[in-house]
Amino acid sequence: MDFTKSENSNTAILAGDSIARFITGGGLACTCVRQDIAPQSAVYGFECSDIYEYKPTLAKRLVRLVGTRSHVQARFIEDCPYGDFGIEIERNPRGSVYLGDIVHASLGLSVSIGVGMTGEPEMLDIGKAPHVLIAGTTGSGKSVLLNTIIAGLVYKNEPQACELVLIDPKRVEFDAWAGIPHLRCPIVQGSENAVQALESLADEMDSRYEKMSSMGVKTAAEAGMNRIVCVIDELADLMLVSKKSVENNIVRIAQLGRAAGIHLVVATQSPRAAVVTGLIRANMPCKIALTCNGVRESMIVLDHGGAEKLLGAGDALIRRPGSVGETRFQAAYTPAGDIEKLVSSVKANCQPVKHTVPLERRKGSVLRWILTGE
Ligand SMILES: Nc1ncnc2c1ncn2[C@@H]1O[C@H](COP(=O)(O)OP(=O)(O)O)[C@@H](O)[C@H]1O
Ligand SMILES: [Mg+2]
């Protein structure tokens with residue numbers, strides 16, 4: 001499919017070789033051994049011709065000169081993994097990343113969400129995540145990122161492999177996806193419905209566990225059940241309606257959902273303790289921070305400051321389960337036109353999953369359609 005791609009001609013990038021020539025001319029003979037172009041910055045690694053000639057103070061001074069001569073922000077990297085020293089040059093304006101640049105790297109539940117600092121696609125494996133919390137202030141790029149994640153899932157999965165429950169209390173963000181065969185139920189709009197939908201999803205998880213135990217298997221895949229990814233845009237709206245029930249269901253799904261093939265991707269513009277409670281934080285193992293309002297919000301997402309310094313418009317930090325630090329990446333932008341193309345293609349080519357749910361469960365359930373998909 002032809003998705004929009006970036007032209008990436010919007011920033012002049014200094015060539016590593018010409019920087020090396022400049023530094024060599026300044027009295028420090030070196031060659032450029034590595035050049036990583038990321039959307040936010042370009043990183044260059046230099047090796048001195050003779051290791052004994054490496055003079056850190058001189059290198060530092062010359063790097064500063066590179067910056068002032070070329071009118072760019074240049075940072076000296078002392079412990080450069082490639083070569084003797086490195087330079088990071090901030091790109092201004094930043095390079096852009098579109099869905100079309102990275103979507104090819106997606107595979108199954110592993111979706112590419114942007115470009116990392118080495119210029120490679122940044123992957124988010126929802127199967128392993130297995131639940132993701134996304135936080136950032138208004139306008140930082142949460143909805144764009146969610147749409148990129150949904151696009152990756154829809155592009156690389158048949159509904160028989162992965163279904164979606166899209167919860168959109170604000171009623172505006174996911175409209176473009178209406179009617180795709182991957183939807184397990186119509187897009188859930190309004191806060192009250194959203195709260196009930198989450199309840200039904202927890203019910204579905206319980207019934208999957210019953211089925212798995214009656215079959216004597218431990219995972220949804222062994223029981224022949226597909227994955228369900230539930231995407232929520234704006235947790236705060238749900239917490240306003242019924243904090244107890246929402247927290248309870250999110251924590252339960254986050255703790256038990258993985259084996260049952262149920263995954264959560266939850267976004268919020270209010271990373272405050274009242275919304276992202278301690279329990280929710282502790283149980284969502286994968287975190288993505290976009291620009292936050294101040295250190296306190298950054299602390300709630302990442303346990304430390306830093307997210308308040310991000311540049312906005314998809315500049316992000318991701319912390320994966322089990323890893324200590326974060327990696328920075330530029331989230332990909334998914335234009336409305338690309339979503340339209342994808343939607344009409346899957347509508348034409350994919351069949352929705354037929355759900356057979358015992359009648360007694362249909363009657364008892366809060367929202368029949370989450371369970372039955374009707
Ligand atoms: N990854 C991105 N690349 C480029 N621009 C972006 C990106 N993410 C967001 N933006 C810009 O920021 C605006 C707001 O993004 P949005 O996702 O609606 O923010 P939020 O949902 O956090 O309020 C977008 O309309 C777009 O112009
Ligand atoms: Mg939004």
# chains A, B, ... in the order shown; residues from 1 in each chain; ligands from 1

$ residues_near_ligand --ligand "ligand 2" --cutoff "10 Å" --atoms "only C-alpha atoms and all ligand atoms" --output "ChimeraX atom specification"
/A:136-146,168,170,172-174,233-234,267-269

$ residues_around --residues "region 346-353 of chain A" --least-positions-apart "2" --cutoff "6 Å" --atoms "only C-alpha atoms" --output "JSON, numbers by chain"
{"A": [159, 160, 180, 181, 343, 344]}

$ closest_residue --among "A:Ile13, A:Leu99, A:Leu183, A:Val132" --to "ligand 1" --atoms "only C-alpha atoms and all ligand atoms"
A:Leu99

$ closest_residue --among "A:Leu240, A:Ala336, A:Val276, A:Val229" --to "ligand 1" --atoms "only C-alpha atoms and all ligand atoms"
A:Ala336

$ residues_around --residues "Cys292 (chain A)" --least-positions-apart "6" --cutoff "12 Å" --atoms "only C-alpha atoms" --output "mmCIF file with N, CA and C atoms, in the first residue's frame"
data_model
loop_
_atom_site.group_PDB
_atom_site.id
_atom_site.type_symbol
_atom_site.label_atom_id
_atom_site.label_comp_id
_atom_site.auth_asym_id
_atom_site.auth_seq_id
_atom_site.Cartn_x
_atom_site.Cartn_y
_atom_site.Cartn_z
ATOM 1 N N ILE A 134 0.552 5.495 27.974
ATOM 2 C CA ILE A 134 1.103 6.610 27.205
ATOM 3 C C ILE A 134 0.653 7.906 27.862
ATOM 4 N N ALA A 135 1.605 8.774 28.210
ATOM 5 C CA ALA A 135 1.208 10.007 28.877
ATOM 6 C C ALA A 135 1.907 11.201 28.259
ATOM 7 N N GLY A 136 1.220 12.308 28.225
ATOM 8 C CA GLY A 136 1.797 13.542 27.702
ATOM 9 C C GLY A 136 0.731 14.611 27.701
ATOM 10 N N THR A 137 1.195 15.851 27.705
ATOM 11 C CA THR A 137 0.265 16.964 27.793
ATOM 12 C C THR A 137 -0.544 17.093 26.496
ATOM 13 N N THR A 138 -1.563 17.947 26.508
ATOM 14 C CA THR A 138 -2.377 18.150 25.303
ATOM 15 C C THR A 138 -1.493 18.621 24.153
ATOM 16 N N GLY A 139 -1.671 18.002 23.009
ATOM 17 C CA GLY A 139 -0.902 18.426 21.846
ATOM 18 C C GLY A 139 0.467 17.783 21.723
ATOM 19 N N SER A 140 0.800 16.885 22.653
ATOM 20 C CA SER A 140 2.138 16.273 22.613
ATOM 21 C C SER A 140 2.222 15.141 21.597
ATOM 22 N N GLY A 141 1.058 14.628 21.163
ATOM 23 C CA GLY A 141 1.079 13.594 20.126
ATOM 24 C C GLY A 141 0.532 12.235 20.549
ATOM 25 N N LYS A 142 -0.305 12.201 21.585
ATOM 26 C CA LYS A 142 -0.848 10.918 22.044
ATOM 27 C C LYS A 142 -1.770 10.291 21.010
ATOM 28 N N THR A 268 -3.172 9.037 28.489
ATOM 29 C CA THR A 268 -3.755 10.096 29.315
ATOM 30 C C THR A 268 -2.957 11.390 29.209
ATOM 31 N N GLN A 269 -3.702 12.490 29.280
ATOM 32 C CA GLN A 269 -3.030 13.791 29.293
ATOM 33 C C GLN A 269 -2.818 14.256 30.732
ATOM 34 N N SER A 270 -3.295 13.467 31.664
ATOM 35 C CA SER A 270 -3.187 13.871 33.067
ATOM 36 C C SER A 270 -2.424 12.854 33.879
ATOM 37 N N PRO A 271 -1.098 12.791 33.690
ATOM 38 C CA PRO A 271 -0.353 11.879 34.542
ATOM 39 C C PRO A 271 -0.242 12.436 35.962
ATOM 40 N N ARG A 272 -1.387 12.386 36.643
ATOM 41 C CA ARG A 272 -1.413 12.810 38.049
ATOM 42 C C ARG A 272 -1.786 11.596 38.874
ATOM 43 N N SER A 298 6.288 13.901 34.881
ATOM 44 C CA SER A 298 7.305 12.980 34.366
ATOM 45 C C SER A 298 7.602 11.878 35.389
ATOM 46 N N MET A 299 7.639 12.273 36.655
ATOM 47 C CA MET A 299 7.899 11.312 37.745
ATOM 48 C C MET A 299 6.843 10.213 37.764
ATOM 49 N N ILE A 300 5.580 10.614 37.536
ATOM 50 C CA ILE A 300 4.490 9.625 37.596
ATOM 51 C C ILE A 300 4.675 8.586 36.496
ATOM 52 N N VAL A 301 5.119 9.017 35.318
ATOM 53 C CA VAL A 301 5.257 8.078 34.208
ATOM 54 C C VAL A 301 6.567 7.297 34.303
ATOM 55 N N LEU A 302 7.660 7.997 34.533
ATOM 56 C CA LEU A 302 8.976 7.355 34.393
ATOM 57 C C LEU A 302 9.707 7.151 35.715
ATOM 58 N N HIS A 304 11.126 9.452 37.198
ATOM 59 C CA HIS A 304 12.138 10.507 37.296
ATOM 60 C C HIS A 304 11.780 11.609 36.299
ATOM 61 N N GLY A 305 12.470 12.736 36.398
ATOM 62 C CA GLY A 305 12.195 13.847 35.489
ATOM 63 C C GLY A 305 12.780 13.582 34.116
ATOM 64 N N GLY A 306 12.513 14.476 33.191
ATOM 65 C CA GLY A 306 13.102 14.341 31.848
ATOM 66 C C GLY A 306 12.058 14.492 30.758
ATOM 67 N N ALA A 307 10.862 13.944 31.005
ATOM 68 C CA ALA A 307 9.831 13.998 29.961
ATOM 69 C C ALA A 307 9.338 15.423 29.738
ATOM 70 N N GLU A 308 9.594 16.299 30.734
ATOM 71 C CA GLU A 308 9.153 17.695 30.565
ATOM 72 C C GLU A 308 10.063 18.440 29.583
ATOM 73 N N LYS A 309 11.225 17.850 29.282
ATOM 74 C CA LYS A 309 12.162 18.527 28.373
ATOM 75 C C LYS A 309 11.990 18.088 26.924
ATOM 76 N N LEU A 310 11.122 17.109 26.670
ATOM 77 C CA LEU A 310 10.926 16.636 25.288
ATOM 78 C C LEU A 310 10.364 17.767 24.431
ATOM 79 N N LEU A 311 10.572 17.642 23.122
ATOM 80 C CA LEU A 311 10.300 18.778 22.235
ATOM 81 C C LEU A 311 8.877 18.850 21.688
ATOM 82 N N GLY A 312 8.030 17.877 22.053
ATOM 83 C CA GLY A 312 6.646 17.906 21.558
ATOM 84 C C GLY A 312 6.520 17.262 20.194
ATOM 85 N N ALA A 313 5.269 17.207 19.689
ATOM 86 C CA ALA A 313 4.987 16.642 18.358
ATOM 87 C C ALA A 313 5.635 15.278 18.138
ATOM 88 N N GLY A 314 5.436 14.388 19.099
ATOM 89 C CA GLY A 314 5.873 13.008 18.896
ATOM 90 C C GLY A 314 7.271 12.692 19.385
ATOM 91 N N ASP A 315 7.965 13.672 19.985
ATOM 92 C CA ASP A 315 9.265 13.399 20.599
ATOM 93 C C ASP A 315 8.970 12.600 21.874
ATOM 94 N N ALA A 316 9.528 11.387 21.997
ATOM 95 C CA ALA A 316 9.046 10.504 23.061
ATOM 96 C C ALA A 316 10.140 9.660 23.683
ATOM 97 N N LEU A 317 9.846 9.192 24.909
ATOM 98 C CA LEU A 317 10.719 8.240 25.595
ATOM 99 C C LEU A 317 9.921 6.967 25.832
#

$ residues_around --residues "Ala38 (chain A)" --least-positions-apart "3" --cutoff "12 Å" --atoms "only C-alpha atoms" --output "number ranges by chain"
A: 8, 11, 13, 35, 41-44, 88-92, 94-97, 114-122, 315, 328-331

$ write_last_selection --atoms "N, CA and C atoms" --output "short mmCIF file (atom, residue, chain, number, x, y, z; two decimals), in the first residue's frame"
data_model
loop_
_atom_site.label_atom_id
_atom_site.label_comp_id
_atom_site.auth_asym_id
_atom_site.auth_seq_id
_atom_site.Cartn_x
_atom_site.Cartn_y
_atom_site.Cartn_z
N ASN A 8 12.17 14.31 3.99
CA ASN A 8 13.39 14.49 4.78
C ASN A 8 14.44 15.35 4.12
N THR A 11 15.90 19.43 6.49
CA THR A 11 17.02 19.91 7.28
C THR A 11 18.30 19.55 6.55
N ILE A 13 21.82 18.24 6.58
CA ILE A 13 22.60 17.43 7.51
C ILE A 13 24.06 17.54 7.14
N GLN A 35 27.84 7.38 11.43
CA GLN A 35 26.95 8.54 11.28
C GLN A 35 25.51 8.04 11.43
N SER A 41 18.19 14.44 15.91
CA SER A 41 19.59 14.82 15.88
C SER A 41 20.39 13.86 15.02
N ALA A 42 21.61 14.29 14.70
CA ALA A 42 22.53 13.40 14.00
C ALA A 42 23.72 13.16 14.91
N VAL A 43 24.14 11.90 15.02
CA VAL A 43 25.27 11.57 15.89
C VAL A 43 26.41 11.03 15.02
N TYR A 44 27.59 11.59 15.23
CA TYR A 44 28.76 11.18 14.45
C TYR A 44 29.82 10.62 15.40
N GLU A 88 27.06 15.20 18.70
CA GLU A 88 25.63 15.13 18.44
C GLU A 88 25.20 16.50 17.96
N ILE A 89 24.61 16.56 16.79
CA ILE A 89 24.16 17.83 16.25
C ILE A 89 22.64 17.84 16.18
N GLU A 90 22.06 18.80 16.87
CA GLU A 90 20.60 18.89 16.90
C GLU A 90 20.08 19.32 15.53
N ARG A 91 19.02 18.66 15.08
CA ARG A 91 18.45 19.06 13.79
C ARG A 91 17.34 20.07 14.02
N ASN A 92 17.43 21.17 13.28
CA ASN A 92 16.43 22.21 13.45
C ASN A 92 16.09 22.80 12.08
N ARG A 94 13.29 19.69 13.03
CA ARG A 94 13.46 18.25 13.12
C ARG A 94 13.00 17.56 11.86
N GLY A 95 13.58 16.41 11.59
CA GLY A 95 13.11 15.60 10.47
C GLY A 95 11.77 14.99 10.82
N SER A 96 10.96 14.73 9.82
CA SER A 96 9.65 14.14 10.12
C SER A 96 9.65 12.65 9.80
N VAL A 97 8.77 11.93 10.46
CA VAL A 97 8.63 10.49 10.23
C VAL A 97 7.16 10.21 9.96
N GLY A 114 7.86 4.50 15.26
CA GLY A 114 8.60 5.71 14.94
C GLY A 114 10.03 5.36 14.60
N VAL A 115 10.92 6.33 14.81
CA VAL A 115 12.32 6.13 14.50
C VAL A 115 13.15 6.47 15.73
N GLY A 116 14.08 5.58 16.08
CA GLY A 116 14.93 5.78 17.26
C GLY A 116 16.15 6.63 16.94
N MET A 117 17.02 6.77 17.92
CA MET A 117 18.15 7.68 17.77
C MET A 117 19.22 7.18 16.81
N THR A 118 19.14 5.91 16.41
CA THR A 118 20.10 5.43 15.42
C THR A 118 19.51 5.49 14.02
N GLY A 119 18.27 5.97 13.92
CA GLY A 119 17.63 6.07 12.62
C GLY A 119 16.88 4.81 12.22
N GLU A 120 16.88 3.79 13.10
CA GLU A 120 16.16 2.55 12.81
C GLU A 120 14.72 2.65 13.31
N PRO A 121 13.78 1.88 12.71
CA PRO A 121 12.42 1.89 13.23
C PRO A 121 12.38 1.47 14.70
N GLU A 122 11.57 2.17 15.47
CA GLU A 122 11.41 1.84 16.89
C GLU A 122 10.21 0.91 17.02
N ASP A 315 7.96 13.67 19.98
CA ASP A 315 9.27 13.40 20.60
C ASP A 315 8.97 12.60 21.87
N ARG A 328 14.91 7.12 23.50
CA ARG A 328 14.19 8.23 22.91
C ARG A 328 13.87 7.89 21.46
N PHE A 329 12.70 8.30 21.00
CA PHE A 329 12.36 8.10 19.59
C PHE A 329 11.43 9.20 19.12
N GLN A 330 11.33 9.31 17.80
CA GLN A 330 10.37 10.25 17.22
C GLN A 330 9.19 9.42 16.72
N ALA A 331 8.01 9.66 17.29
CA ALA A 331 6.83 8.90 16.86
C ALA A 331 6.46 9.26 15.43
#

$ select_by_dssp --residues "region 44-267 of chain A" --states "alpha helix (DSSP H)" --output "VMD selection string"
chain A and resid 56 to 70 99 to 102 142 to 156 191 to 215 235 to 256

$ select_by_dssp --residues "region 107-304 of chain A" --states "strand (DSSP E)" --output "PyMOL selection string"
chain A and resi 110-116+121-125+132-135+162-168+188-189+227-233+262-268+286-289

$ closest_residue --among "A:Ile280, A:Ala202, A:Ile288, A:Leu342" --to "ligand 1" --atoms "only C-alpha atoms and all ligand atoms"
A:Ile288

$ closest_residue --among "A:Leu164, A:Leu14, A:Leu201, A:Ala223" --to "Pro186 (chain A)" --atoms "only C-alpha atoms"
A:Leu164

$ residues_around --residues "Gly152 (chain A)" --least-positions-apart "4" --cutoff "9 Å" --atoms "only C-alpha atoms" --output "PDB file with C-alpha atoms, in the first residue's frame"
ATOM      1  CA  LEU A  99       3.695   5.870   8.819  1.00  0.00           C
ATOM      2  CA  VAL A 103       5.189   0.458   8.796  1.00  0.00           C
ATOM      3  CA  HIS A 104       7.033  -2.175   6.726  1.00  0.00           C
ATOM      4  CA  SER A 106       5.750  -4.155  11.738  1.00  0.00           C
ATOM      5  CA  LEU A 107       5.086  -7.854  12.155  1.00  0.00           C
ATOM      6  CA  GLY A 108       2.098  -9.285  13.976  1.00  0.00           C
ATOM      7  CA  LEU A 109       1.707  -7.604  17.343  1.00  0.00           C
ATOM      8  CA  SER A 110       5.120  -6.002  17.010  1.00  0.00           C
ATOM      9  CA  VAL A 111       4.356  -2.605  15.540  1.00  0.00           C
ATOM     10  CA  SER A 112       6.804   0.061  14.497  1.00  0.00           C
ATOM     11  CA  ILE A 113       5.905   3.339  16.129  1.00  0.00           C
ATOM     12  CA  ASN A 147      -3.486   5.970  15.479  1.00  0.00           C
ATOM     13  CA  THR A 148      -0.026   4.866  14.336  1.00  0.00           C
ATOM     14  CA  LYS A 156      -0.247  -6.546   9.610  1.00  0.00           C
ATOM     15  CA  ASN A 157      -3.016  -8.572  11.285  1.00  0.00           C
TER      16      ASN A 157
END

$ residues_around --residues "Val324 (chain A)" --least-positions-apart "2" --cutoff "12 Å" --atoms "only C-alpha atoms" --output "MDAnalysis selection string"
chainID A and resid 285:287 302:304 318:322 326:327

$ residues_around --residues "Phe3 (chain A)" --least-positions-apart "2" --cutoff "9 Å" --atoms "only C-alpha atoms" --output "list in words"
Met1, Lys5, Tyr98, Leu99, Gly100, Asp101, Val103, Thr334, Pro335, Gly337, Asp338, Ile339, Lys341 and Leu342 of chain A

$ atom_distance --atom1 "atom 26 (C, counted along the ligand's line) of ligand 1" --atom2 "CA of Leu290 (chain A)"
12.8 Å

$ atom_distance --atom1 "atom 14 (C, counted along the ligand's line) of ligand 1" --atom2 "CA of Val241 (chain A)"
25.3 Å

$ decode --residues "region 201-307 of chain A" --atoms "C-alpha atoms" --output "JSON list (two decimals), in the first residue's frame"
[["chain", "number", "residue", "atom", "x", "y", "z"],
["A", 201, "LEU", "CA", -13.64, -6.73, 28.59],
["A", 202, "ALA", "CA", -12.78, -7.98, 32.08],
["A", 203, "ASP", "CA", -15.77, -10.36, 31.76],
["A", 204, "GLU", "CA", -14.43, -11.57, 28.44],
["A", 205, "MET", "CA", -11.09, -12.22, 30.11],
["A", 206, "ASP", "CA", -12.77, -14.31, 32.80],
["A", 207, "SER", "CA", -14.67, -16.34, 30.25],
["A", 208, "ARG", "CA", -11.46, -16.93, 28.30],
["A", 209, "TYR", "CA", -9.83, -18.22, 31.49],
["A", 210, "GLU", "CA", -12.77, -20.58, 32.06],
["A", 211, "LYS", "CA", -12.43, -21.86, 28.52],
["A", 212, "MET", "CA", -8.68, -22.25, 28.83],
["A", 213, "SER", "CA", -8.92, -24.18, 32.06],
["A", 214, "SER", "CA", -11.63, -26.48, 30.68],
["A", 215, "MET", "CA", -9.33, -27.19, 27.74],
["A", 216, "GLY", "CA", -6.36, -27.65, 30.03],
["A", 217, "VAL", "CA", -4.23, -25.01, 28.32],
["A", 218, "LYS", "CA", -2.37, -22.00, 29.65],
["A", 219, "THR", "CA", -2.57, -19.44, 26.87],
["A", 220, "ALA", "CA", -5.17, -18.01, 24.54],
["A", 221, "ALA", "CA", -3.06, -19.02, 21.54],
["A", 222, "GLU", "CA", -3.17, -22.69, 22.60],
["A", 223, "ALA", "CA", -6.94, -22.40, 22.97],
["A", 224, "GLY", "CA", -7.18, -20.99, 19.46],
["A", 225, "MET", "CA", -8.35, -17.57, 20.61],
["A", 226, "ASN", "CA", -7.18, -14.37, 18.95],
["A", 227, "ARG", "CA", -5.64, -11.36, 20.63],
["A", 228, "ILE", "CA", -7.71, -8.39, 21.67],
["A", 229, "VAL", "CA", -6.00, -5.02, 21.92],
["A", 230, "CYS", "CA", -8.02, -2.41, 23.79],
["A", 231, "VAL", "CA", -6.98, 1.18, 23.09],
["A", 232, "ILE", "CA", -8.23, 3.93, 25.41],
["A", 233, "ASP", "CA", -7.77, 7.59, 24.51],
["A", 234, "GLU", "CA", -8.06, 9.51, 27.75],
["A", 235, "LEU", "CA", -8.11, 7.52, 30.90],
["A", 236, "ALA", "CA", -8.95, 10.63, 32.95],
["A", 237, "ASP", "CA", -12.44, 10.79, 31.42],
["A", 238, "LEU", "CA", -13.14, 7.25, 32.59],
["A", 239, "MET", "CA", -11.72, 7.83, 36.06],
["A", 240, "LEU", "CA", -14.05, 10.81, 36.48],
["A", 241, "VAL", "CA", -17.09, 8.60, 36.00],
["A", 242, "SER", "CA", -16.17, 5.66, 38.14],
["A", 243, "LYS", "CA", -12.72, 5.57, 39.58],
["A", 244, "LYS", "CA", -13.13, 2.37, 41.55],
["A", 245, "SER", "CA", -14.54, 0.21, 38.80],
["A", 246, "VAL", "CA", -12.16, 1.54, 36.14],
["A", 247, "GLU", "CA", -9.08, 1.12, 38.30],
["A", 248, "ASN", "CA", -10.20, -2.32, 39.36],
["A", 249, "ASN", "CA", -10.79, -3.53, 35.80],
["A", 250, "ILE", "CA", -7.63, -2.00, 34.38],
["A", 251, "VAL", "CA", -5.50, -3.53, 37.11],
["A", 252, "ARG", "CA", -7.18, -6.92, 36.74],
["A", 253, "ILE", "CA", -6.72, -6.95, 32.95],
["A", 254, "ALA", "CA", -3.15, -5.70, 33.32],
["A", 255, "GLN", "CA", -2.35, -8.49, 35.76],
["A", 256, "LEU", "CA", -4.11, -11.36, 34.01],
["A", 257, "GLY", "CA", -4.80, -10.25, 30.47],
["A", 258, "ARG", "CA", -1.63, -11.39, 28.75],
["A", 259, "ALA", "CA", -2.26, -15.15, 28.99],
["A", 260, "ALA", "CA", -5.85, -14.57, 27.86],
["A", 261, "GLY", "CA", -4.59, -12.60, 24.86],
["A", 262, "ILE", "CA", -5.97, -9.28, 26.06],
["A", 263, "HIS", "CA", -3.76, -6.20, 25.96],
["A", 264, "LEU", "CA", -4.30, -2.58, 27.01],
["A", 265, "VAL", "CA", -2.92, 0.58, 25.45],
["A", 266, "VAL", "CA", -4.00, 3.47, 27.64],
["A", 267, "ALA", "CA", -3.30, 7.15, 27.01],
["A", 268, "THR", "CA", -3.76, 10.10, 29.32],
["A", 269, "GLN", "CA", -3.03, 13.79, 29.29],
["A", 270, "SER", "CA", -3.19, 13.87, 33.07],
["A", 271, "PRO", "CA", -0.35, 11.88, 34.54],
["A", 272, "ARG", "CA", -1.41, 12.81, 38.05],
["A", 273, "ALA", "CA", -1.70, 10.47, 40.98],
["A", 274, "ALA", "CA", -5.50, 10.84, 40.95],
["A", 275, "VAL", "CA", -5.71, 9.43, 37.41],
["A", 276, "VAL", "CA", -2.67, 7.22, 37.06],
["A", 277, "THR", "CA", -2.94, 5.66, 40.49],
["A", 278, "GLY", "CA", -0.10, 3.76, 42.10],
["A", 279, "LEU", "CA", -1.81, 0.47, 41.25],
["A", 280, "ILE", "CA", -2.24, 1.36, 37.59],
["A", 281, "ARG", "CA", 1.36, 2.58, 37.34],
["A", 282, "ALA", "CA", 2.71, -0.55, 38.92],
["A", 283, "ASN", "CA", 0.73, -2.84, 36.65],
["A", 284, "MET", "CA", 1.39, -1.22, 33.28],
["A", 285, "PRO", "CA", 4.89, -2.44, 32.58],
["A", 286, "CYS", "CA", 5.57, -0.52, 29.36],
["A", 287, "LYS", "CA", 5.52, 3.28, 29.47],
["A", 288, "ILE", "CA", 5.75, 5.89, 26.78],
["A", 289, "ALA", "CA", 6.22, 9.51, 27.83],
["A", 290, "LEU", "CA", 5.55, 12.35, 25.43],
["A", 291, "THR", "CA", 6.13, 15.95, 26.55],
["A", 292, "CYS", "CA", 4.85, 16.28, 30.12],
["A", 293, "ASN", "CA", 3.86, 19.34, 32.09],
["A", 294, "GLY", "CA", 6.70, 19.54, 34.54],
["A", 295, "VAL", "CA", 8.86, 17.19, 36.54],
["A", 296, "ARG", "CA", 6.04, 15.90, 38.73],
["A", 297, "GLU", "CA", 4.14, 14.46, 35.78],
["A", 298, "SER", "CA", 7.31, 12.98, 34.37],
["A", 299, "MET", "CA", 7.90, 11.31, 37.75],
["A", 300, "ILE", "CA", 4.49, 9.63, 37.60],
["A", 301, "VAL", "CA", 5.26, 8.08, 34.21],
["A", 302, "LEU", "CA", 8.98, 7.36, 34.39],
["A", 303, "ASP", "CA", 9.81, 7.62, 38.11],
["A", 304, "HIS", "CA", 12.14, 10.51, 37.30],
["A", 305, "GLY", "CA", 12.20, 13.85, 35.49],
["A", 306, "GLY", "CA", 13.10, 14.34, 31.85],
["A", 307, "ALA", "CA", 9.83, 14.00, 29.96]]
